[in-house]
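Here is the structure we will look at.
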Number of protein chains: 4
Amino acid sequence: MHDGILDVGVVGLGRLGKRHAENLAFRVPGAKLVAACSPSAEERAWAEGALGRPKVYADYPSLLAHPGLDAVFLVTPNTVHPEQIVAGLKAGKHVFCEKPLSLELDECLAVEAEAKRHPKLKVMIGYVRRFDASYQDAQARIARGDIGRPFLVRSQTCDMNDPSGFFVRFAPKSGGIFLDMSVHDIDLARWLLGSPAPRRVFSVGTIAVHAGLAECGDVDNGVAICEFAGGAMATIYASRTMAHGHETATEIVGTAGRIVVGRDGRANEVEVADAHGIRTMTVPTFWERFEPAFLRETIHFVDCVRHDRPPGLTLHDATEATRIAIALRDSLVGRRAVDL
Amino acid sequence: MHDGILDVGVVGLGRLGKRHAENLAFRVPGAKLVAACSPSAEERAWAEGALGRPKVYADYPSLLAHPGLDAVFLVTPNTVHPEQIVAGLKAGKHVFCEKPLSLELDECLAVEAEAKRHPKLKVMIGYVRRFDASYQDAQARIARGDIGRPFLVRSQTCDMNDPSGFFVRFAPKSGGIFLDMSVHDIDLARWLLGSPAPRRVFSVGTIAVHAGLAECGDVDNGVAICEFAGGAMATIYASRTMAHGHETATEIVGTAGRIVVGRDGRANEVEVADAHGIRTMTVPTFWERFEPAFLRETIHFVDCVRHDRPPGLTLHDATEATRIAIALRDSLVGRRAVDL
Amino acid sequence: MHDGILDVGVVGLGRLGKRHAENLAFRVPGAKLVAACSPSAEERAWAEGALGRPKVYADYPSLLAHPGLDAVFLVTPNTVHPEQIVAGLKAGKHVFCEKPLSLELDECLAVEAEAKRHPKLKVMIGYVRRFDASYQDAQARIARGDIGRPFLVRSQTCDMNDPSGFFVRFAPKSGGIFLDMSVHDIDLARWLLGSPAPRRVFSVGTIAVHAGLAECGDVDNGVAICEFAGGAMATIYASRTMAHGHETATEIVGTAGRIVVGRDGRANEVEVADAHGIRTMTVPTFWERFEPAFLRETIHFVDCVRHDRPPGLTLHDATEATRIAIALRDSLVGRRAVDL
Amino acid sequence: MHDGILDVGVVGLGRLGKRHAENLAFRVPGAKLVAACSPSAEERAWAEGALGRPKVYADYPSLLAHPGLDAVFLVTPNTVHPEQIVAGLKAGKHVFCEKPLSLELDECLAVEAEAKRHPKLKVMIGYVRRFDASYQDAQARIARGDIGRPFLVRSQTCDMNDPSGFFVRFAPKSGGIFLDMSVHDIDLARWLLGSPAPRRVFSVGTIAVHAGLAECGDVDNGVAICEFAGGAMATIYASRTMAHGHETATEIVGTAGRIVVGRDGRANEVEVADAHGIRTMTVPTFWERFEPAFLRETIHFVDCVRHDRPPGLTLHDATEATRIAIALRDSLVGRRAVDL
């Protein structure tokens, strides 16, 4: 870190990786995108043209060896997250990694253990919703007592249906609907409720549209309850089959009021009245909803590294979200309540 | 009036007349529908079967001669309102008459003069919105100072388009869009602003859809401004060509807040999310929006008669609404501001 | 039943009983309120003055003996419903009974058995939401396929908090939050999903405000999941501690769309913008929300009796709602999933 | 312009100038902020520290002399816009200027004439709303015929009340409420209606709160109607006294539907339900509402210059908005309709 500017490398240049790369290249004060890596020649060619000329590598070890590199952003398949985080730490780099930390609890714990060995390095998993302006406003209101004591979170992550069922192909590696989608809601619930310990979960799911999911035991719609210590509760809904768009919404109920974040996922400020009724349009994907939050998240992480401050969420937060999501999957498969 | 029960006769059994008759027959405490009249044999046959057996007449004078009749409800064409009110008063009956009082100012004043000669008889023109629960809530909030001093009303009456243009045929007798539709908004503006004196108006209109209106100098969409004494203002919008339904809405702006009544005219509590977006449906006509208000209005009038209390709105209120609406029509035709 | 007019007696003149009585006395075509009974002298005195002079009795057997009585409306404490229904049937009366049928499954089944012995008598339990115009609109849309195949219902019944905790006193006899409140949501879920068989439930609850509930094992906020045969699911939320009003809302998710009924429970068409933001008010109790539905429900039942048609919901529907609600209570107490 | 990168200088470093400067310094691809000027030493000091080290000048002529400067952004007091645009053009610079072009029609025309002498230079006045994503979505829907033929625009610019009345001091130089605020709405109306020629206007205003405005003949709330050739109409509302926040909203009515942009001006995706009702918060100023549009506008202008394309709005558009706003002021003062 020379002159306080962080030299960053992006690992993975898929759809989301490209966006992180562009943010780091052009929009994050105090960061410089100096390196990028991808196994895809096409993606590397894109990186050379579109990102202000970082050094481009074909593999992660080469990128880690980039001279003067301070930090890596891992935007890679879920399954390699743990080993890549550990490798980054061992190479002395700060690590930002897209969620989830891992689909396996022991891997989460192993990463936590490794991170403890590098107390000067920052590690953060990208639970992007914590950096959304509306969720932050809600959290601030709760923290200052506006709704009394919060005791219930009802949260949903609902994706617009892809009639091609493209995602079914990736289902076997996704960890299932709760690990893939609901970890976000679980993390929000923990954050908004003050990080209570989970006690017991129950989940149910159904295949509403994509019969192909049956093969790997997954569902395209699932609901769940999580009971926490101290009387707090969360209910969760995950869907891959919405007709009208992507809708991430969260309701927090307290003893003196209620807050809802993101109801109806409006695409913009336009309302149309015609023969179909009075209607608003919904964002098609999470990206349109959370684009500014991805940038805020990156700015936050870079700031934490530059000023040696702890990031807003810890590896343990990520482990806990994974732990609860695994229990939800176990409940779905085992058709019973699961204790934690 | 025996045992405090009011014997009522309904005059006119068209669409709205039928509804008033049903209310009076079955839903108004303290009233008894004893008579009805219509020049239409079909409507008289309906009345005999559907209203609990009132005496049915073919003309107004015969109905007025019904023994023991206390009050008449006039739901007849606009043009006969003044003479029928006067005849009712001269026969010693309380008179409820659908709006408007008249399309001519001198007739309004003549009716007012006649009413003064019968101080024991109640006369009320049916400005039904004053009896809508939401408008009454708004008025109560304003009256207790919730929005400070109210100084601007923005009000609209927008009908769903009838592609057949059926109404064009009746346009010549309607008095034009402002006298036919906007009198409601004018009356609301006066009521909500504390009945200030009108000073100056300006209006503009256009034929958006129904070319046939050109013949009688009318328009299917009109906008207007009314300036009142003391700095209060109103803007008005009237339309006969809405695509999505009937929408009556009124905004009242005060020095400490703003109230909106009826925005979007929701048909019910249902919201649909599908490929068209997230949408609500709108009431098709004023009837679905104001059905309960028509009943409340009738109950109010019957109560006023039974307990000898002045009705919530006076003949003078009706005259003022007509006077302003006539000025709006003059402005539309004369293409200039009109002083009052 | 003379001239096709149904002679009805109301049993129970508490808050809701009074309202049923007024509806029957003045607003239900084809019905005549001829009798009413209450153990309370005060309520009997009210009935004599306010209901158009029905015959008033101090006990149910006397009312049942009223000459020519066709039907009874039971608006009495939950615990006496089964015996009173049976007594009514045995006396040859049609029976409308406020929900729930019973808090005990065997009693439900016993009533069903008795009813089968009187095939000419109509019996209906008052699940009033099925008669709400918005719920009926939603159901009609679903029935005609607007949202594809419905597979998930998310429903809530949330009451405004009563800081006095008055209801805590009645908690021991209420059957608990799920039997007292969520039966409505369960019935809606069954209706909107096409009456699938329940398979498994899970519930969790907490005492957010009213510590006194602990004594009888009840909670003031509860959430639940119900899994049905064929892949349908329901989630339920019941609360007695809302800060802003009563909010009954239901979401139905299908393969081609989603419908929400009653979100935010708006009291009327008024929106206020001031220093608190832009806001709408919420109905204080279920009554303001469902007042017209109570009338429609009564009109429906009277019509069914008069024209010998089966009511829109059967005793078996009521039994099923009770059966599921009991399982929810068992799950809450037993802290485990319960199979049905 | 070397390597296709535009060297830009910002003129004026007040509140809005600072924001334009930051956008140009950090967020606009293809632009480089090389110079800035302000008469204020404090603002110059800020510019030196916060903008990536541009050359800082104390006056406009010095900045114009900056070697290699391609374009200027004028964020200066209204009164100097015309002379500064002309000076920029004469110095061979592309010119972006904040609205309004001028408060005097002859000055507008003089600037247009000068611009015609420099056909290779781009000039654009910053009507920022044309670059808001929601307004652009609305315009695109209208352009493709979604609402049939648009014939009415109803638009408002309402600022939150500043109880200190700070703005009253600047009122004499503002041109009055319509020239200061409503030019935005006028420009939107022209854009969304297809730039029809104005025919006649009428306006009325009142002082609701800030008595000090009387001195310079201004008002703090005004309403207006503008009639265009071909039957199109616009109504306008401008207010400086809103209690709940800044609310820019525009409704466009067509023969087959209606679009509303920006109703209620929500600050974010948070909804609070508590003892005050169910409520959303509103943006406090235009900046929170239009921050992304200011950036898009700048990116658009820089793109137009770099690729020699005509900007989305012309000087003539700005002249027309001024011409109509002047007529509105004349109508307010003259208390009569004004022909154009």
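Lettering and numbering for the structure tokens are positional, with chains as A, B, ... in the shown order, residues counted from 1 in each chain, and ligands counted from 1 in the shown order.
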With a cut-off of 6 Å, could you pull out the residues of chain C touching chain D and give me the nearest pair of atoms for each, distance in Å to one decimal, using only C-alpha atoms, ordered by chain and ascending number, as CSV?
residue,atom,partner,partner_atom,distance
C:Ala243,CA,D:Asp274,CA,5.1
C:His244,CA,D:Asp274,CA,4.7
C:Ala273,CA,D:His244,CA,5.9
C:Asp274,CA,D:His244,CA,4.7
C:Ala275,CA,D:His244,CA,5.0
C:Gly277,CA,D:Met281,CA,4.8
C:Ile278,CA,D:Arg279,CA,5.2
C:Arg279,CA,D:Arg279,CA,4.0
C:Thr280,CA,D:Ile278,CA,5.4
C:Met281,CA,D:Gly277,CA,4.8
Residues at most 7 Å from segment 230-239 of chain A, counting only C-alpha atoms, excluding those fewer than 6 positions away in the same chain, as a PyMOL selection string? (chain A and resi 151-159+181-182+185+189+220-224) or (chain C and resi 206)
Contacts of segment 65-67 of chain C at 9 Å (only C-alpha atoms; same-chain gap of 2+ positions) as a list in words: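 The residues that qualify are Gly9, Val34, Ala35, Lys55, Tyr60, Pro61, Ser62, Leu63, Leu69 and Ala91 of chain C.
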Could those selected residues go to a file with all heavy atoms, as a PDB file, in the first residue's frame?
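Output (again09.pdb):
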ATOM      1  N   GLY C   9     -83.408 -16.152  15.191  1.00  0.00           N
ATOM      2  CA  GLY C   9     -83.098 -15.745  16.552  1.00  0.00           C
ATOM      3  C   GLY C   9     -81.606 -15.617  16.750  1.00  0.00           C
ATOM      4  O   GLY C   9     -80.846 -16.458  16.274  1.00  0.00           O
ATOM      5  N   VAL C  34     -86.706 -12.293  14.878  1.00  0.00           N
ATOM      6  CA  VAL C  34     -87.911 -12.420  15.708  1.00  0.00           C
ATOM      7  C   VAL C  34     -87.585 -12.684  17.168  1.00  0.00           C
ATOM      8  O   VAL C  34     -88.460 -12.547  18.029  1.00  0.00           O
ATOM      9  CB  VAL C  34     -88.826 -13.557  15.189  1.00  0.00           C
ATOM     10  CG1 VAL C  34     -89.294 -13.247  13.764  1.00  0.00           C
ATOM     11  CG2 VAL C  34     -88.110 -14.908  15.248  1.00  0.00           C
ATOM     12  N   ALA C  35     -86.345 -13.090  17.437  1.00  0.00           N
ATOM     13  CA  ALA C  35     -86.017 -13.437  18.820  1.00  0.00           C
ATOM     14  C   ALA C  35     -84.546 -13.190  19.080  1.00  0.00           C
ATOM     15  O   ALA C  35     -83.714 -13.220  18.157  1.00  0.00           O
ATOM     16  CB  ALA C  35     -86.345 -14.910  19.094  1.00  0.00           C
ATOM     17  N   LYS C  55     -88.735 -10.719  20.161  1.00  0.00           N
ATOM     18  CA  LYS C  55     -89.017 -11.295  21.488  1.00  0.00           C
ATOM     19  C   LYS C  55     -87.651 -11.598  22.136  1.00  0.00           C
ATOM     20  O   LYS C  55     -86.771 -12.170  21.488  1.00  0.00           O
ATOM     21  CB  LYS C  55     -89.838 -12.580  21.305  1.00  0.00           C
ATOM     22  CG  LYS C  55     -90.142 -13.326  22.586  1.00  0.00           C
ATOM     23  CD  LYS C  55     -91.306 -12.712  23.361  1.00  0.00           C
ATOM     24  CE  LYS C  55     -91.576 -13.539  24.620  1.00  0.00           C
ATOM     25  NZ  LYS C  55     -92.207 -12.758  25.674  1.00  0.00           N
ATOM     26  N   TYR C  60     -81.134 -19.910  26.099  1.00  0.00           N
ATOM     27  CA  TYR C  60     -81.177 -20.520  24.776  1.00  0.00           C
ATOM     28  C   TYR C  60     -82.372 -21.463  24.595  1.00  0.00           C
ATOM     29  O   TYR C  60     -83.085 -21.383  23.583  1.00  0.00           O
ATOM     30  CB  TYR C  60     -79.841 -21.217  24.522  1.00  0.00           C
ATOM     31  CG  TYR C  60     -79.665 -21.837  23.162  1.00  0.00           C
ATOM     32  CD1 TYR C  60     -80.063 -21.191  22.001  1.00  0.00           C
ATOM     33  CD2 TYR C  60     -79.066 -23.095  23.037  1.00  0.00           C
ATOM     34  CE1 TYR C  60     -79.869 -21.781  20.753  1.00  0.00           C
ATOM     35  CE2 TYR C  60     -78.858 -23.683  21.801  1.00  0.00           C
ATOM     36  CZ  TYR C  60     -79.282 -23.030  20.656  1.00  0.00           C
ATOM     37  OH  TYR C  60     -79.101 -23.612  19.435  1.00  0.00           O
ATOM     38  N   PRO C  61     -82.651 -22.351  25.564  1.00  0.00           N
ATOM     39  CA  PRO C  61     -83.795 -23.246  25.382  1.00  0.00           C
ATOM     40  C   PRO C  61     -85.104 -22.480  25.149  1.00  0.00           C
ATOM     41  O   PRO C  61     -85.908 -22.853  24.290  1.00  0.00           O
ATOM     42  CB  PRO C  61     -83.834 -24.034  26.699  1.00  0.00           C
ATOM     43  CG  PRO C  61     -82.418 -24.020  27.182  1.00  0.00           C
ATOM     44  CD  PRO C  61     -81.874 -22.697  26.790  1.00  0.00           C
ATOM     45  N   SER C  62     -85.306 -21.398  25.876  1.00  0.00           N
ATOM     46  CA  SER C  62     -86.530 -20.612  25.675  1.00  0.00           C
ATOM     47  C   SER C  62     -86.573 -20.051  24.268  1.00  0.00           C
ATOM     48  O   SER C  62     -87.609 -20.047  23.601  1.00  0.00           O
ATOM     49  CB  SER C  62     -86.582 -19.462  26.680  1.00  0.00           C
ATOM     50  OG  SER C  62     -86.375 -19.950  27.984  1.00  0.00           O
ATOM     51  N   LEU C  63     -85.447 -19.549  23.806  1.00  0.00           N
ATOM     52  CA  LEU C  63     -85.413 -19.007  22.443  1.00  0.00           C
ATOM     53  C   LEU C  63     -85.723 -20.095  21.428  1.00  0.00           C
ATOM     54  O   LEU C  63     -86.460 -19.884  20.465  1.00  0.00           O
ATOM     55  CB  LEU C  63     -84.060 -18.366  22.166  1.00  0.00           C
ATOM     56  CG  LEU C  63     -83.902 -17.795  20.753  1.00  0.00           C
ATOM     57  CD1 LEU C  63     -83.297 -16.404  20.759  1.00  0.00           C
ATOM     58  CD2 LEU C  63     -83.122 -18.748  19.858  1.00  0.00           C
ATOM     59  N   LEU C  69     -89.806 -20.249  14.825  1.00  0.00           N
ATOM     60  CA  LEU C  69     -88.390 -19.912  14.588  1.00  0.00           C
ATOM     61  C   LEU C  69     -87.792 -20.862  13.551  1.00  0.00           C
ATOM     62  O   LEU C  69     -87.944 -22.074  13.640  1.00  0.00           O
ATOM     63  CB  LEU C  69     -87.616 -20.041  15.906  1.00  0.00           C
ATOM     64  CG  LEU C  69     -86.185 -19.489  15.882  1.00  0.00           C
ATOM     65  CD1 LEU C  69     -86.218 -17.955  15.908  1.00  0.00           C
ATOM     66  CD2 LEU C  69     -85.401 -20.010  17.074  1.00  0.00           C
ATOM     67  N   ALA C  91     -83.586 -29.259  17.656  1.00  0.00           N
ATOM     68  CA  ALA C  91     -84.853 -28.512  17.689  1.00  0.00           C
ATOM     69  C   ALA C  91     -85.351 -28.191  16.287  1.00  0.00           C
ATOM     70  O   ALA C  91     -86.361 -27.497  16.126  1.00  0.00           O
ATOM     71  CB  ALA C  91     -84.660 -27.226  18.492  1.00  0.00           C
TER      72      ALA C  91
END
Please list as an NGL selection string every residue within 12 Å of Thr76 of chain D, counting only C-alpha atoms and excluding residues in the same chain fewer than 2 positions away. :D and (10-18 or 20 or 37-39 or 59-60 or 72-74 or 78-85 or 96-102)
Please produce a file of the residues just selected, as a CSV table (one decimal), in the first residue's frame, where the atoms kept are N, CA, C and O atoms.
chain,number,residue,atom,x,y,z
D,10,VAL,N,-14.4,23.4,-14.4
D,10,VAL,CA,-15.7,23.8,-13.7
D,10,VAL,C,-15.6,25.2,-13.3
D,10,VAL,O,-14.6,25.6,-12.6
D,11,VAL,N,-16.7,25.9,-13.5
D,11,VAL,CA,-16.8,27.3,-13.2
D,11,VAL,C,-17.9,27.5,-12.1
D,11,VAL,O,-19.0,27.3,-12.4
D,12,GLY,N,-17.5,27.9,-10.9
D,12,GLY,CA,-18.4,28.0,-9.8
D,12,GLY,C,-18.3,26.7,-8.9
D,12,GLY,O,-18.4,25.6,-9.4
D,13,LEU,N,-18.1,26.9,-7.6
D,13,LEU,CA,-17.8,25.8,-6.7
D,13,LEU,C,-18.7,25.9,-5.5
D,13,LEU,O,-18.3,25.6,-4.4
D,14,GLY,N,-19.9,26.4,-5.7
D,14,GLY,CA,-20.9,26.4,-4.7
D,14,GLY,C,-21.4,24.9,-4.5
D,14,GLY,O,-20.8,24.0,-4.9
D,15,ARG,N,-22.5,24.8,-3.8
D,15,ARG,CA,-23.0,23.5,-3.5
D,15,ARG,C,-23.1,22.5,-4.7
D,15,ARG,O,-22.6,21.4,-4.7
D,16,LEU,N,-23.8,23.0,-5.7
D,16,LEU,CA,-24.0,22.2,-6.8
D,16,LEU,C,-22.7,22.1,-7.7
D,16,LEU,O,-22.4,21.1,-8.3
D,17,GLY,N,-22.0,23.2,-7.7
D,17,GLY,CA,-20.7,23.2,-8.4
D,17,GLY,C,-19.7,22.2,-7.9
D,17,GLY,O,-19.1,21.4,-8.7
D,18,LYS,N,-19.7,22.0,-6.6
D,18,LYS,CA,-18.8,21.0,-6.0
D,18,LYS,C,-19.2,19.6,-6.5
D,18,LYS,O,-18.4,18.8,-6.7
D,20,HIS,N,-20.9,18.8,-9.3
D,20,HIS,CA,-20.5,18.6,-10.7
D,20,HIS,C,-19.0,18.4,-10.8
D,20,HIS,O,-18.5,17.5,-11.5
D,37,CYS,N,-12.6,27.1,-11.2
D,37,CYS,CA,-12.5,28.5,-10.7
D,37,CYS,C,-13.6,28.9,-9.8
D,37,CYS,O,-14.7,28.5,-9.9
D,38,SER,N,-13.2,29.8,-8.9
D,38,SER,CA,-14.2,30.4,-8.0
D,38,SER,C,-13.6,31.7,-7.4
D,38,SER,O,-12.4,31.8,-7.2
D,39,PRO,N,-14.5,32.6,-7.2
D,39,PRO,CA,-14.0,33.9,-6.5
D,39,PRO,C,-13.7,33.6,-5.0
D,39,PRO,O,-13.1,34.5,-4.4
D,59,ASP,N,-10.7,33.5,-11.4
D,59,ASP,CA,-11.8,34.1,-12.3
D,59,ASP,C,-11.9,33.3,-13.6
D,59,ASP,O,-11.0,32.5,-14.0
D,60,TYR,N,-13.0,33.6,-14.2
D,60,TYR,CA,-13.4,32.8,-15.4
D,60,TYR,C,-12.5,33.0,-16.6
D,60,TYR,O,-12.0,32.1,-17.2
D,72,VAL,N,-16.2,23.8,-20.7
D,72,VAL,CA,-16.5,24.4,-19.4
D,72,VAL,C,-17.8,24.0,-18.9
D,72,VAL,O,-18.8,23.8,-19.7
D,73,PHE,N,-17.9,23.8,-17.6
D,73,PHE,CA,-19.2,23.6,-16.9
D,73,PHE,C,-19.5,24.8,-16.1
D,73,PHE,O,-18.8,25.1,-15.1
D,74,LEU,N,-20.5,25.5,-16.4
D,74,LEU,CA,-20.9,26.7,-15.7
D,74,LEU,C,-21.9,26.4,-14.6
D,74,LEU,O,-23.1,26.0,-14.9
D,78,ASN,N,-27.5,32.6,-11.9
D,78,ASN,CA,-28.3,32.7,-13.1
D,78,ASN,C,-27.9,33.9,-14.0
D,78,ASN,O,-27.9,33.8,-15.2
D,79,THR,N,-27.7,35.0,-13.3
D,79,THR,CA,-27.6,36.3,-14.0
D,79,THR,C,-26.4,36.3,-15.0
D,79,THR,O,-26.4,37.1,-15.9
D,80,VAL,N,-25.4,35.5,-14.7
D,80,VAL,CA,-24.2,35.6,-15.5
D,80,VAL,C,-24.1,34.5,-16.6
D,80,VAL,O,-23.2,34.4,-17.4
D,81,HIS,N,-25.1,33.6,-16.6
D,81,HIS,CA,-25.1,32.5,-17.6
D,81,HIS,C,-24.9,33.0,-19.0
D,81,HIS,O,-24.0,32.5,-19.7
D,82,PRO,N,-25.7,33.9,-19.5
D,82,PRO,CA,-25.6,34.3,-20.9
D,82,PRO,C,-24.2,34.8,-21.3
D,82,PRO,O,-23.6,34.3,-22.3
D,83,GLU,N,-23.7,35.7,-20.6
D,83,GLU,CA,-22.4,36.3,-20.9
D,83,GLU,C,-21.3,35.2,-20.8
D,83,GLU,O,-20.4,35.1,-21.6
D,84,GLN,N,-21.4,34.3,-19.8
D,84,GLN,CA,-20.4,33.3,-19.7
D,84,GLN,C,-20.5,32.2,-20.8
D,84,GLN,O,-19.4,31.7,-21.2
D,85,ILE,N,-21.7,31.9,-21.2
D,85,ILE,CA,-21.8,31.0,-22.3
D,85,ILE,C,-21.1,31.6,-23.6
D,85,ILE,O,-20.3,30.9,-24.3
D,96,PHE,N,-21.3,23.5,-21.1
D,96,PHE,CA,-22.5,23.0,-20.3
D,96,PHE,C,-22.8,24.1,-19.3
D,96,PHE,O,-21.9,24.5,-18.6
D,97,CYS,N,-24.1,24.4,-19.2
D,97,CYS,CA,-24.5,25.4,-18.3
D,97,CYS,C,-25.7,25.0,-17.5
D,97,CYS,O,-26.7,24.4,-18.0
D,98,GLU,N,-25.6,25.2,-16.2
D,98,GLU,CA,-26.8,24.9,-15.3
D,98,GLU,C,-28.0,25.7,-15.8
D,98,GLU,O,-27.8,26.8,-16.3
D,99,LYS,N,-29.2,25.2,-15.6
D,99,LYS,CA,-30.4,25.9,-15.9
D,99,LYS,C,-30.5,27.1,-15.0
D,99,LYS,O,-30.0,27.0,-13.8
D,100,PRO,N,-31.2,28.2,-15.3
D,100,PRO,CA,-31.8,28.4,-16.6
D,100,PRO,C,-30.8,29.1,-17.5
D,100,PRO,O,-29.8,29.6,-17.1
D,101,LEU,N,-31.1,29.0,-18.8
D,101,LEU,CA,-30.3,29.7,-19.8
D,101,LEU,C,-30.2,31.2,-19.4
D,101,LEU,O,-29.1,31.8,-19.3
D,102,SER,N,-31.3,31.8,-19.2
D,102,SER,CA,-31.4,33.2,-18.8
D,102,SER,C,-32.8,33.5,-18.3
D,102,SER,O,-33.7,32.8,-18.5
